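Peer 1: Next up, data-v2.csv (CSV, C-alpha atoms and all ligand atoms).
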chain,number,residue,atom,x,y,z
A,1,MET,CA,36.5,-113.7,139.1
A,2,THR,CA,39.3,-112.7,136.7
A,3,ILE,CA,38.3,-109.9,134.4
A,4,ASP,CA,39.4,-110.0,130.8
A,5,TYR,CA,40.5,-106.3,130.5
A,6,GLN,CA,41.3,-106.9,126.8
A,7,SER,CA,37.6,-107.3,126.2
A,8,LEU,CA,36.8,-104.1,128.1
A,9,ALA,CA,39.0,-102.0,125.8
A,10,VAL,CA,37.0,-100.1,123.1
A,11,GLU,CA,36.6,-102.2,119.9
A,12,GLY,CA,39.0,-100.2,117.8
A,13,VAL,CA,41.8,-100.5,120.4
A,14,GLN,CA,41.4,-104.2,120.8
A,15,GLY,CA,42.6,-104.8,117.3
A,16,LEU,CA,45.6,-102.5,117.5
A,17,MET,CA,49.3,-103.4,117.5
A,18,PRO,CA,51.5,-100.9,119.3
A,19,TYR,CA,53.7,-98.7,117.2
A,20,GLN,CA,57.1,-100.3,116.8
A,21,PRO,CA,59.8,-97.7,117.4
A,22,GLY,CA,63.5,-98.0,116.4
A,23,LYS,CA,65.5,-100.0,118.9
A,24,PRO,CA,67.3,-97.7,121.3
A,25,ILE,CA,71.1,-97.9,121.4
A,26,ASP,CA,71.2,-98.6,125.2
A,27,GLU,CA,68.7,-101.5,124.8
A,28,LEU,CA,70.9,-103.3,122.2
A,29,ALA,CA,74.0,-102.6,124.3
A,30,ARG,CA,72.3,-104.2,127.3
A,31,GLU,CA,71.0,-107.2,125.4
A,32,LEU,CA,74.3,-108.0,123.6
A,33,GLY,CA,76.8,-106.7,126.1
A,34,LEU,CA,78.1,-104.2,123.5
A,35,ASP,CA,79.7,-100.8,124.1
A,36,PRO,CA,77.0,-98.2,123.3
A,37,ALA,CA,79.7,-96.0,121.7
A,38,GLY,CA,80.3,-98.7,119.0
A,39,ILE,CA,76.7,-99.0,118.0
A,40,VAL,CA,75.3,-97.3,114.9
A,41,LYS,CA,71.6,-96.4,115.0
A,42,LEU,CA,70.1,-95.8,111.6
A,43,ALA,CA,66.6,-96.8,112.6
A,44,SER,CA,64.5,-93.7,113.4
A,45,ASN,CA,65.2,-91.1,110.7
A,46,GLU,CA,67.0,-89.0,113.2
A,47,ASN,CA,69.4,-86.2,112.4
A,48,PRO,CA,72.9,-87.6,112.6
A,49,LEU,CA,74.5,-84.2,113.1
A,50,GLY,CA,73.6,-84.0,116.8
A,51,PRO,CA,71.5,-81.1,118.0
A,52,SER,CA,72.1,-77.4,117.0
A,53,PRO,CA,74.3,-75.6,119.5
A,54,LYS,CA,71.8,-72.7,119.4
A,55,ALA,CA,69.0,-75.0,120.3
A,56,MET,CA,71.0,-76.6,123.2
A,57,ALA,CA,71.9,-73.1,124.6
A,58,ALA,CA,68.2,-72.1,124.6
A,59,ALA,CA,67.2,-75.4,126.2
A,60,ARG,CA,69.8,-75.0,129.0
A,61,GLN,CA,68.6,-71.5,129.7
A,62,ALA,CA,65.0,-72.8,129.9
A,63,LEU,CA,65.9,-75.2,132.7
A,64,ASP,CA,65.9,-72.2,135.1
A,65,GLY,CA,62.1,-72.1,134.7
A,66,LEU,CA,61.4,-75.8,135.3
A,67,CYS,CA,59.1,-75.0,138.3
A,68,ARG,CA,56.7,-73.2,136.1
A,69,TYR,CA,54.2,-74.5,133.6
A,70,PRO,CA,55.1,-73.8,130.0
A,71,ASP,CA,53.4,-71.2,127.9
A,72,GLY,CA,50.3,-73.2,126.9
A,73,ASN,CA,49.9,-71.0,123.8
A,74,GLY,CA,53.5,-71.3,122.7
A,75,PHE,CA,53.5,-67.6,121.9
A,76,ASN,CA,57.2,-67.2,121.0
A,77,LEU,CA,57.4,-70.3,118.9
A,78,LYS,CA,54.2,-69.5,117.0
A,79,ALA,CA,55.3,-66.0,116.4
A,80,ARG,CA,58.7,-67.1,115.0
A,81,LEU,CA,57.1,-69.9,112.9
A,82,ALA,CA,54.5,-67.5,111.5
A,83,GLN,CA,57.2,-65.0,110.5
A,84,ARG,CA,59.2,-67.7,108.8
A,85,LEU,CA,56.4,-69.4,107.0
A,86,GLY,CA,54.3,-66.3,106.1
A,87,VAL,CA,51.2,-67.5,108.0
A,88,GLY,CA,49.3,-66.0,111.0
A,89,PRO,CA,50.0,-67.4,114.5
A,90,ALA,CA,46.3,-68.3,114.7
A,91,GLN,CA,46.9,-70.9,111.9
A,92,ILE,CA,49.4,-72.8,114.0
A,93,THR,CA,48.6,-75.7,116.4
A,94,LEU,CA,51.5,-77.0,118.3
A,95,GLY,CA,51.9,-80.7,119.2
A,96,ASN,CA,54.1,-83.0,121.3
A,97,GLY,CA,55.7,-84.1,118.1
A,98,SER,CA,53.6,-84.1,114.9
A,99,ASN,CA,52.3,-87.4,116.0
A,100,ASP,CA,50.3,-85.6,118.7
A,101,VAL,CA,48.8,-83.2,116.1
A,102,LEU,CA,47.9,-86.2,113.9
A,103,GLU,CA,46.0,-87.7,116.8
A,104,ILE,CA,44.3,-84.4,117.8
A,105,ILE,CA,43.1,-83.9,114.2
A,106,THR,CA,41.7,-87.4,114.0
A,107,ARG,CA,39.9,-87.1,117.4
A,108,CYS,CA,38.4,-83.8,116.3
A,109,PHE,CA,37.1,-84.8,113.0
A,110,ALA,CA,36.5,-88.6,112.9
A,111,ASP,CA,34.5,-91.1,115.0
A,112,HIS,CA,33.0,-94.5,114.7
A,113,SER,CA,30.6,-93.5,112.0
A,114,THR,CA,33.2,-92.1,109.7
A,115,GLU,CA,36.0,-93.3,107.4
A,116,VAL,CA,39.7,-92.2,107.3
A,117,ILE,CA,41.7,-92.8,104.1
A,118,TYR,CA,45.4,-93.5,103.9
A,119,SER,CA,47.7,-95.4,101.6
A,120,GLN,CA,49.2,-98.9,101.8
A,121,HIS,CA,52.8,-98.6,103.1
A,122,ALA,CA,52.1,-95.2,104.6
A,123,PHE,CA,53.2,-93.9,108.0
A,124,ALA,CA,51.9,-96.3,110.7
A,125,VAL,CA,50.4,-93.7,112.9
A,126,TYR,CA,47.5,-93.0,110.5
A,127,PRO,CA,45.8,-96.4,111.0
A,128,ILE,CA,46.6,-96.4,114.7
A,129,VAL,CA,44.9,-93.0,115.4
A,130,ALA,CA,42.0,-93.8,113.1
A,131,ARG,CA,41.2,-97.2,114.5
A,132,ALA,CA,41.8,-96.1,118.1
A,133,ILE,CA,38.8,-93.8,117.9
A,134,GLY,CA,36.8,-96.4,116.1
A,135,ALA,CA,36.8,-94.9,112.7
A,136,ARG,CA,36.9,-97.2,109.7
A,137,GLY,CA,40.4,-97.1,108.2
A,138,VAL,CA,40.4,-97.3,104.5
A,139,GLU,CA,43.8,-98.4,103.1
A,140,VAL,CA,44.2,-97.7,99.4
A,141,PRO,CA,46.7,-99.9,97.5
A,142,ALA,CA,49.9,-98.2,96.7
A,143,ARG,CA,51.3,-97.6,93.2
A,144,HIS,CA,55.0,-98.1,92.7
A,145,TRP,CA,55.3,-98.0,96.5
A,146,GLY,CA,53.9,-94.5,96.6
A,147,HIS,CA,50.4,-93.1,97.3
A,148,ASP,CA,48.0,-93.7,94.4
A,149,LEU,CA,46.4,-90.2,94.7
A,150,GLU,CA,43.8,-90.9,92.0
A,151,ALA,CA,42.6,-94.1,93.8
A,152,MET,CA,42.6,-92.3,97.1
A,153,ALA,CA,40.3,-89.5,95.7
A,154,ASP,CA,38.1,-92.3,94.2
A,155,ALA,CA,37.9,-93.9,97.6
A,156,VAL,CA,36.0,-90.9,99.1
A,157,THR,CA,32.5,-91.7,100.2
A,158,GLU,CA,29.8,-89.9,102.1
A,159,ARG,CA,31.4,-91.1,105.3
A,160,THR,CA,34.9,-90.0,104.6
A,161,ARG,CA,36.1,-87.2,106.9
A,162,LEU,CA,39.9,-87.3,106.7
A,163,ILE,CA,42.6,-88.3,104.2
A,164,PHE,CA,46.2,-88.6,105.3
A,165,VAL,CA,48.9,-88.0,102.6
A,166,ALA,CA,52.5,-88.3,103.6
A,167,ASN,CA,54.7,-86.3,101.3
A,168,PRO,CA,57.5,-87.6,101.3
A,169,ASN,CA,56.1,-90.9,102.7
A,170,ASN,CA,57.8,-92.9,105.4
A,171,PRO,CA,59.0,-95.7,105.1
A,172,THR,CA,59.0,-95.7,101.3
A,173,GLY,CA,60.5,-92.2,100.7
A,174,THR,CA,58.2,-91.7,97.7
A,175,VAL,CA,57.1,-88.1,96.9
A,176,HIS,CA,54.5,-86.4,94.7
A,177,ASP,CA,55.2,-83.2,92.9
A,178,ALA,CA,53.2,-80.0,93.3
A,179,ASP,CA,51.0,-80.7,90.3
A,180,ALA,CA,49.9,-84.1,91.5
A,181,ILE,CA,49.1,-82.8,95.0
A,182,GLU,CA,47.1,-79.9,93.6
A,183,ARG,CA,45.2,-82.1,91.2
A,184,PHE,CA,44.4,-84.4,94.1
A,185,LEU,CA,43.3,-81.5,96.4
A,186,ALA,CA,41.1,-80.2,93.6
A,187,ARG,CA,39.3,-83.5,93.4
A,188,VAL,CA,38.6,-83.9,97.1
A,189,PRO,CA,35.3,-82.5,98.3
A,190,ASP,CA,35.6,-79.5,100.7
A,191,ARG,CA,33.8,-81.4,103.5
A,192,VAL,CA,36.7,-83.9,103.6
A,193,LEU,CA,39.8,-82.8,105.4
A,194,VAL,CA,43.2,-83.5,103.9
A,195,VAL,CA,46.2,-83.9,106.1
A,196,LEU,CA,49.4,-83.3,104.1
A,197,ASP,CA,52.1,-84.7,106.4
A,198,GLU,CA,55.3,-82.9,105.5
A,199,ALA,CA,57.6,-84.3,108.2
A,200,TYR,CA,60.4,-84.6,105.7
A,201,CYS,CA,59.8,-81.5,103.6
A,202,GLU,CA,63.0,-79.7,104.5
A,203,TYR,CA,65.0,-82.4,102.7
A,204,LEU,CA,63.2,-81.8,99.4
A,205,GLU,CA,65.6,-80.5,96.8
A,206,GLY,CA,65.0,-78.7,93.5
A,207,GLU,CA,61.9,-77.3,91.9
A,208,GLY,CA,58.5,-78.7,91.5
A,209,PHE,CA,57.8,-80.0,95.0
A,210,PRO,CA,54.7,-78.8,96.7
A,211,ASP,CA,54.9,-76.4,99.6
A,212,GLY,CA,51.8,-77.2,101.6
A,213,VAL,CA,51.9,-73.7,103.2
A,214,ALA,CA,51.4,-72.1,99.8
A,215,LEU,CA,48.3,-74.3,99.2
A,216,LEU,CA,46.5,-73.3,102.4
A,217,SER,CA,44.9,-70.2,101.0
A,218,ARG,CA,43.5,-72.1,98.1
A,219,PHE,CA,42.2,-75.2,99.9
A,220,ALA,CA,40.2,-74.5,103.1
A,221,ASN,CA,40.1,-78.2,103.9
A,222,LEU,CA,43.9,-78.6,104.0
A,223,ILE,CA,45.9,-79.2,107.1
A,224,VAL,CA,49.7,-79.3,106.8
A,225,THR,CA,51.8,-81.0,109.5
A,226,ARG,CA,55.5,-80.5,110.1
A,227,THR,CA,58.0,-81.4,112.8
A,228,PHE,CA,61.2,-80.4,114.5
A,229,SER,CA,62.2,-84.0,114.8
A,230,LYS,CA,64.0,-84.5,111.5
A,231,ALA,CA,66.0,-81.8,109.6
A,232,TRP,CA,65.8,-79.5,112.7
A,233,GLY,CA,67.3,-82.3,114.9
A,234,LEU,CA,65.1,-82.1,118.0
A,235,ALA,CA,63.4,-85.5,118.0
A,236,ALA,CA,63.9,-86.0,121.8
A,237,LEU,CA,62.0,-82.8,122.6
A,238,ARG,CA,58.8,-83.7,120.8
A,239,VAL,CA,57.8,-80.6,118.9
A,240,GLY,CA,55.6,-80.6,115.8
A,241,TYR,CA,52.8,-78.4,114.5
A,242,SER,CA,50.0,-78.1,112.0
A,243,LEU,CA,49.1,-75.2,109.7
A,244,SER,CA,45.5,-74.8,108.8
A,245,SER,CA,42.8,-72.1,108.6
A,246,PRO,CA,42.3,-70.4,111.9
A,247,ALA,CA,38.8,-72.0,112.1
A,248,ILE,CA,40.3,-75.5,112.0
A,249,ALA,CA,43.1,-74.5,114.4
A,250,ASP,CA,40.4,-73.3,116.8
A,251,ILE,CA,38.8,-76.7,116.7
A,252,LEU,CA,42.1,-78.5,117.3
A,253,ASN,CA,42.9,-76.3,120.2
A,254,ARG,CA,39.8,-77.5,122.0
A,255,VAL,CA,41.2,-81.0,122.2
A,256,ARG,CA,44.9,-80.2,122.6
A,257,GLN,CA,46.3,-80.8,126.1
A,258,PRO,CA,46.9,-77.3,127.4
A,259,PHE,CA,50.6,-77.9,128.0
A,260,ASN,CA,51.4,-80.4,125.3
A,261,VAL,CA,54.8,-78.9,124.5
A,262,ASP,CA,57.1,-78.3,127.4
A,263,SER,CA,59.1,-75.1,128.0
A,264,VAL,CA,62.5,-76.6,127.2
A,265,ALA,CA,61.1,-77.9,123.9
A,266,LEU,CA,59.5,-74.5,123.1
A,267,ALA,CA,62.7,-72.6,123.8
A,268,ALA,CA,64.9,-75.0,121.7
A,269,ALA,CA,62.5,-75.1,118.8
A,270,THR,CA,62.2,-71.3,118.7
A,271,ALA,CA,66.0,-70.9,118.8
A,272,VAL,CA,66.7,-73.5,116.2
A,273,LEU,CA,64.7,-71.6,113.6
A,274,ASP,CA,67.5,-69.0,113.8
A,275,ASP,CA,70.1,-71.6,113.0
A,276,GLU,CA,69.8,-71.6,109.2
A,277,ASP,CA,73.4,-72.9,109.0
A,278,TYR,CA,72.3,-76.0,110.9
A,279,LEU,CA,69.4,-76.6,108.5
A,280,GLN,CA,71.7,-76.2,105.5
A,281,ARG,CA,74.2,-78.7,107.0
A,282,SER,CA,71.4,-81.1,107.7
A,283,ARG,CA,70.4,-81.0,104.1
A,284,ALA,CA,73.9,-81.3,102.8
A,285,VAL,CA,74.8,-84.3,105.0
A,286,ASN,CA,71.5,-86.0,104.0
A,287,THR,CA,72.1,-85.4,100.3
A,288,GLU,CA,75.6,-86.8,100.5
A,289,GLY,CA,74.6,-89.7,102.8
A,290,LEU,CA,71.7,-90.7,100.6
A,291,ARG,CA,74.0,-90.8,97.6
A,292,GLN,CA,76.5,-92.9,99.5
A,293,LEU,CA,73.9,-95.4,100.6
A,294,GLU,CA,72.3,-95.6,97.1
A,295,GLN,CA,75.7,-96.2,95.5
A,296,GLY,CA,76.6,-98.8,98.1
A,297,LEU,CA,73.3,-100.6,97.7
A,298,GLU,CA,73.7,-100.5,93.9
A,299,ALA,CA,77.2,-102.0,94.2
A,300,LEU,CA,75.7,-104.8,96.3
A,301,GLY,CA,73.1,-105.4,93.6
A,302,LEU,CA,70.2,-104.6,95.9
A,303,ALA,CA,67.1,-102.8,94.7
A,304,PHE,CA,66.0,-99.8,96.7
A,305,ILE,CA,63.1,-97.3,96.5
A,306,PRO,CA,64.5,-93.9,95.4
A,307,SER,CA,63.9,-91.7,98.4
A,308,ALA,CA,63.1,-88.0,99.0
A,309,GLY,CA,63.5,-88.4,102.8
A,310,ASN,CA,66.4,-89.0,105.2
A,311,PHE,CA,66.2,-92.8,104.8
A,312,VAL,CA,66.0,-95.4,102.1
A,313,ALA,CA,64.0,-98.7,101.9
A,314,VAL,CA,66.1,-101.5,100.5
A,315,ASP,CA,64.8,-104.9,99.2
A,316,VAL,CA,67.3,-107.4,100.7
A,317,GLY,CA,66.0,-110.1,98.4
A,318,GLU,CA,64.9,-112.4,101.3
A,319,GLU,CA,62.8,-112.2,104.5
A,320,ALA,CA,64.3,-109.1,106.1
A,321,GLY,CA,63.7,-110.0,109.8
A,322,PRO,CA,66.7,-112.3,110.1
A,323,VAL,CA,68.9,-109.8,108.2
A,324,PHE,CA,67.9,-107.2,110.7
A,325,GLN,CA,68.9,-109.5,113.5
A,326,ARG,CA,72.3,-110.3,112.0
A,327,LEU,CA,72.9,-106.6,111.6
A,328,LEU,CA,72.0,-106.0,115.3
A,329,ALA,CA,74.6,-108.6,116.2
A,330,GLU,CA,77.1,-106.4,114.4
A,331,GLY,CA,76.0,-103.3,116.4
A,332,VAL,CA,74.0,-101.8,113.4
A,333,ILE,CA,70.4,-100.9,114.1
A,334,VAL,CA,68.1,-100.4,111.1
A,335,ARG,CA,64.4,-100.8,110.9
A,336,PRO,CA,62.4,-103.9,109.6
A,337,VAL,CA,59.2,-102.7,107.9
A,338,ALA,CA,57.2,-106.0,107.7
A,339,GLY,CA,54.5,-104.2,109.7
A,340,TYR,CA,54.1,-101.9,106.7
A,341,GLY,CA,53.5,-104.8,104.4
A,342,MET,CA,57.1,-104.8,103.2
A,343,PRO,CA,58.6,-108.1,104.5
A,344,ARG,CA,61.7,-108.0,102.3
A,345,HIS,CA,62.6,-104.4,102.9
A,346,LEU,CA,64.8,-102.8,105.6
A,347,ARG,CA,64.6,-99.1,106.1
A,348,VAL,CA,67.9,-97.5,106.8
A,349,SER,CA,68.2,-93.9,107.9
A,350,VAL,CA,70.9,-91.6,106.5
A,351,GLY,CA,73.8,-91.3,109.0
A,352,LEU,CA,77.2,-89.6,108.9
A,353,ALA,CA,79.5,-91.0,106.3
A,354,GLU,CA,81.2,-93.3,108.8
A,355,GLU,CA,77.9,-94.7,110.0
A,356,ASN,CA,76.6,-95.3,106.5
A,357,ARG,CA,79.9,-97.1,105.7
A,358,ARG,CA,79.5,-99.4,108.8
A,359,PHE,CA,76.0,-100.3,107.5
A,360,LEU,CA,77.2,-100.9,104.0
A,361,GLU,CA,80.0,-103.1,105.2
A,362,ALA,CA,77.9,-105.1,107.6
A,363,LEU,CA,75.0,-105.7,105.2
A,364,PRO,CA,76.7,-108.2,102.8
A,365,ARG,CA,77.8,-110.2,105.9
A,366,ALA,CA,74.2,-110.2,107.2
A,367,LEU,CA,73.1,-111.6,103.8
A,368,GLN,CA,76.1,-114.0,103.7
A,369,PRO,CA,74.6,-117.0,105.4
A,370,LYS,CA,72.2,-117.5,102.5
A,371,VAL,CA,75.1,-117.4,100.0
A,372,ASP,CA,77.0,-119.9,102.2
A,373,GLU,CA,74.0,-122.2,102.2
A,374,ALA,CA,73.8,-122.1,98.5
A,375,LEU,CA,77.5,-122.8,98.1
A,376,HIS,CA,77.9,-125.5,100.7
A,377,GLY,CA,74.4,-127.0,100.8
A,401,LIG,N1,55.0,-88.2,109.9
A,401,LIG,C1,55.9,-89.0,109.3
A,401,LIG,C2,55.7,-89.3,107.9
A,401,LIG,C3,56.9,-89.5,110.1
A,401,LIG,O1,57.8,-90.4,109.5
A,401,LIG,C4,57.1,-89.2,111.4
A,401,LIG,C5,58.2,-89.7,112.3
A,401,LIG,N2,58.5,-91.0,112.2
A,401,LIG,C6,56.1,-88.4,112.0
A,401,LIG,C7,55.1,-87.9,111.2
A,401,LIG,C8,56.1,-88.0,113.5
A,401,LIG,O2,57.2,-87.4,113.9
A,401,LIG,P1,57.2,-86.6,115.3
A,401,LIG,O3,56.1,-87.0,116.1
A,401,LIG,O4,58.6,-86.8,115.8
A,401,LIG,O5,57.0,-85.1,114.8
Could I get this file's structure written as structure tokens?

Peer 2:
Amino acid sequence: MTIDYQSLAVEGVQGLMPYQPGKPIDELARELGLDPAGIVKLASNENPLGPSPKAMAAARQALDGLCRYPDGNGFNLKARLAQRLGVGPAQITLGNGSNDVLEIITRCFADHSTEVIYSQHAFAVYPIVARAIGARGVEVPARHWGHDLEAMADAVTERTRLIFVANPNNPTGTVHDADAIERFLARVPDRVLVVLDEAYCEYLEGEGFPDGVALLSRFANLIVTRTFSKAWGLAALRVGYSLSSPAIADILNRVRQPFNVDSVALAAATAVLDDEDYLQRSRAVNTEGLRQLEQGLEALGLAFIPSAGNFVAVDVGEEAGPVFQRLLAEGVIVRPVAGYGMPRHLRVSVGLAEENRRFLEALPRALQPKVDEALHG
């Protein structure tokens, strides 16, 4: 008898679609017989600068200890983060990327009898982790592509345990200011945990943006998550963390895999925190690149969502899937976001000036067939 293993999977998992990552350069090179060196990848909100030399030196040194288990408590990284952020080490929970922390939080606080709230067009991992453990995912319609925080607070019921807020959000790039986040937190009951996902916070410029860390002492139900994958340029090593009260961190640590961050990653992340110059360059390259992309898209007459992150979502004015495919054929990888309920948008990550230029030059050609059709029937 053949067994239908699909039907054996727990109910929440049966309905899940796997997370769609950006297409790797090598994969496209294999598929189209292209030279990987000529491919531009602007698909995963990665740091285009390459890794920090300080992080690389520390990672290399850590290779000497590969035969040993990592420090399961991440003592050095937590100490360095605590010092930088002005929190206690006991408030930090380390994760294999911040995705890991998002999953740990959900497993600790939600189950099949509870509800988890997130926004339409919000980061895809929230519904995945919520549904995987059987919780009811409550998607609140977005407002101007961003989170409708009022409506999200209104959506809280007796069953709500967790609310995810991405600030800035991926893939829309929308952001709420400090007042809006504080008003929201003030409305949410203490028994409901709020996860403020600040994966892109290092890119925020100017006054008025919330610093989740500063809010921790005022809102005991707040968990802030951050990552080394973006502005710190260590996406491959998978290091993220949450900041919370020590009591919440203690709960998270019960579920966390004991060695969820490896020793090379721990060493590199600790070292990169000393590379302030790298962070400043990351910011500068992003600010400039975002401006370049926005100006280029404006010149093409395409609408985009103003972004506070290291990416921008552009409305290509037609179904975006075929445009994505035609860009691939030119060796330019961006990200279709139809799975986020945005079938006409492509998300393009900010690259180096030359990479952004490649995208901006290829894009009108990728849109061209439609123009040709209109002209020539
Ligand atoms: N949150 C948001 C909003 C993101 O966009 C991402 C990365 N795409 C993450 C969390 C997770 O990143 P990582 O697991 O690399 O820390």

Peer 1: Produce a table with one row for each residue of chain A that has an atom at most 8 Å from any atom of ligand LIG 401 (chain A), each row naming the nearest atom pair and its distance in Å at one decimal; use all atoms listed in the file; arrange rows by chain and rising residue number; format as JSON lines.

Peer 2:
{"residue": "A:Ser44", "atom": "CA", "partner": "A:LIG401", "partner_atom": "N2", "distance": 6.7}
{"residue": "A:Asn45", "atom": "CA", "partner": "A:LIG401", "partner_atom": "N2", "distance": 6.9}
{"residue": "A:Asn96", "atom": "CA", "partner": "A:LIG401", "partner_atom": "O3", "distance": 6.9}
{"residue": "A:Gly97", "atom": "CA", "partner": "A:LIG401", "partner_atom": "O3", "distance": 3.5}
{"residue": "A:Ser98", "atom": "CA", "partner": "A:LIG401", "partner_atom": "O5", "distance": 3.5}
{"residue": "A:Asn99", "atom": "CA", "partner": "A:LIG401", "partner_atom": "O3", "distance": 3.8}
{"residue": "A:Asp100", "atom": "CA", "partner": "A:LIG401", "partner_atom": "O3", "distance": 6.5}
{"residue": "A:Leu102", "atom": "CA", "partner": "A:LIG401", "partner_atom": "C7", "distance": 7.9}
{"residue": "A:Ala122", "atom": "CA", "partner": "A:LIG401", "partner_atom": "C2", "distance": 7.7}
{"residue": "A:Phe123", "atom": "CA", "partner": "A:LIG401", "partner_atom": "C2", "distance": 5.2}
{"residue": "A:Val125", "atom": "CA", "partner": "A:LIG401", "partner_atom": "C7", "distance": 7.7}
{"residue": "A:Ala166", "atom": "CA", "partner": "A:LIG401", "partner_atom": "C2", "distance": 5.5}
{"residue": "A:Asn167", "atom": "CA", "partner": "A:LIG401", "partner_atom": "C2", "distance": 7.3}
{"residue": "A:Pro168", "atom": "CA", "partner": "A:LIG401", "partner_atom": "C2", "distance": 7.0}
{"residue": "A:Asn169", "atom": "CA", "partner": "A:LIG401", "partner_atom": "C2", "distance": 5.5}
{"residue": "A:Asn170", "atom": "CA", "partner": "A:LIG401", "partner_atom": "O1", "distance": 4.8}
{"residue": "A:Pro171", "atom": "CA", "partner": "A:LIG401", "partner_atom": "O1", "distance": 7.0}
{"residue": "A:Asp197", "atom": "CA", "partner": "A:LIG401", "partner_atom": "N1", "distance": 5.7}
{"residue": "A:Glu198", "atom": "CA", "partner": "A:LIG401", "partner_atom": "C2", "distance": 6.8}
{"residue": "A:Ala199", "atom": "CA", "partner": "A:LIG401", "partner_atom": "N1", "distance": 5.0}
{"residue": "A:Tyr200", "atom": "CA", "partner": "A:LIG401", "partner_atom": "C2", "distance": 7.0}
{"residue": "A:Thr225", "atom": "CA", "partner": "A:LIG401", "partner_atom": "C7", "distance": 7.8}
{"residue": "A:Arg226", "atom": "CA", "partner": "A:LIG401", "partner_atom": "O5", "distance": 6.7}
{"residue": "A:Thr227", "atom": "CA", "partner": "A:LIG401", "partner_atom": "O5", "distance": 4.3}
{"residue": "A:Phe228", "atom": "CA", "partner": "A:LIG401", "partner_atom": "O5", "distance": 6.3}
{"residue": "A:Ser229", "atom": "CA", "partner": "A:LIG401", "partner_atom": "O4", "distance": 4.7}
{"residue": "A:Lys230", "atom": "CA", "partner": "A:LIG401", "partner_atom": "O4", "distance": 7.3}
{"residue": "A:Ala235", "atom": "CA", "partner": "A:LIG401", "partner_atom": "O4", "distance": 5.4}
{"residue": "A:Arg238", "atom": "CA", "partner": "A:LIG401", "partner_atom": "O4", "distance": 5.9}
{"residue": "A:Val239", "atom": "CA", "partner": "A:LIG401", "partner_atom": "O5", "distance": 6.1}
{"residue": "A:Gly240", "atom": "CA", "partner": "A:LIG401", "partner_atom": "O5", "distance": 4.8}
{"residue": "A:Tyr241", "atom": "CA", "partner": "A:LIG401", "partner_atom": "O5", "distance": 7.9}

Peer 1: Excluding region 248-254 of chain A and its own-chain neighbours fewer than 3 positions away, which residues fall within 6 Å of it when counting only C-alpha atoms? Please give them as a list in words.

Peer 2: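 Final neighbour list, sorted by chain and number: Gln91, Thr93 and Ser245 of chain A.
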
Peer 1: For region 14-42 of chain A against region 347-366 of chain A, with a cut-off of 9 Å and counting only C-alpha atoms, what is the closest atom pair and its distance in Å to one decimal for every residue that makes the cut, ordered by chain and number, as a tab-separated table?

Peer 2:
residue	atom	partner	partner_atom	distance
A:Val40	CA	A:Glu355	CA	6.1
A:Lys41	CA	A:Gly351	CA	8.2
A:Leu42	CA	A:Ser349	CA	4.6

Peer 1: Name the residues in contact with Ile39 (chain A) at a cut-off of 9 Å, using all atoms listed in the file, excluding same-chain residues fewer than 3 positions from it; report them as a PyMOL selection string.

Peer 2: chain A and resi 25+28-29+34-36+328+330-333

Peer 1: Using C-alpha atoms, can you write the selected residues to a file as a compact mmCIF listing (two decimals), in the frame of the given file?

Peer 2:
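Produced file part23.txt, reproduced below:
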# COMPACT_ATOMS: atom_id res chain seq x y z
CA ILE A 25 71.10 -97.90 121.40
CA LEU A 28 70.90 -103.30 122.20
CA ALA A 29 74.00 -102.60 124.30
CA LEU A 34 78.10 -104.20 123.50
CA ASP A 35 79.70 -100.80 124.10
CA PRO A 36 77.00 -98.20 123.30
CA LEU A 328 72.00 -106.00 115.30
CA GLU A 330 77.10 -106.40 114.40
CA GLY A 331 76.00 -103.30 116.40
CA VAL A 332 74.00 -101.80 113.40
CA ILE A 333 70.40 -100.90 114.10

Peer 1: Report, in Å with one decimal, the straight-line distance from CA of Val323 (chain A) to CA of Arg143 (chain A).

Peer 2: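 Computing it gives 26.1 Å between the two atoms.
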
Peer 1: Out of A:Ala231, A:Ala37, A:Ala247, A:Ala9, which residue has the shortest atom-to-atom distance to Glu276 (chain A) when counting all atoms listed in the file?

Peer 2: A:Ala231

Peer 1: Could you list, as a PyMOL selection string, every residue within 8 Å of Val224 (chain A), counting only C-alpha atoms and ignoring same-chain residues fewer than 2 positions away?

Peer 2: chain A and resi 195-198+212-213+222+226+242-244

Peer 1: Which residue, A:Gly289, A:Gly321, A:Pro306, A:Pro343, has the smallest gap to Pro48 (chain A) when you use all atoms listed in the file?

Peer 2: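 Closest candidate: A:Gly289.
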
Peer 1: Name all residues at most 8 Å from region 73-82 of chain A (count only C-alpha atoms; drop same-chain ones fewer than 4 positions away) and give them as a PyMOL selection string.

Peer 2: chain A and resi 86-89+92+94+258+261+266-267+269-270+273

Peer 1: Taking only C-alpha atoms into account, name the residue in A:Arg84, A:Ala268, A:Gly22, A:Glu103 that is nearest to Ala57 (chain A).

Peer 2: A:Ala268

Peer 1: Would you list the residues near (36.9, -97.1, 111.1), meaning any protein, DNA or RNA residue with an atom at most 9 Å from that point in file coordinates, counting all atoms listed in the file, as a ChimeraX atom specification?

Peer 2: /A:12,110-116,127,130-138

Peer 1: Hey, can you check how far CA of Ala142 (chain A) sits from CA of Glu294 (chain A)?

Peer 2: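 If I compute the distance from CA of Ala142 (chain A) to CA of Glu294 (chain A), I get 22.6 Å.
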
Peer 1: Between CA of Ala155 (chain A) and CA of Ala214 (chain A), what is the distance in Å, rounded to a tenth?

Peer 2: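 Here the two named atoms are 25.7 Å from each other.
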
Peer 1: Using only C-alpha atoms, which residue out of A:Phe109, A:Tyr203, A:Phe304, A:Tyr118 lies closest to Ala284 (chain A)?

Peer 2: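 Closest candidate: A:Tyr203.
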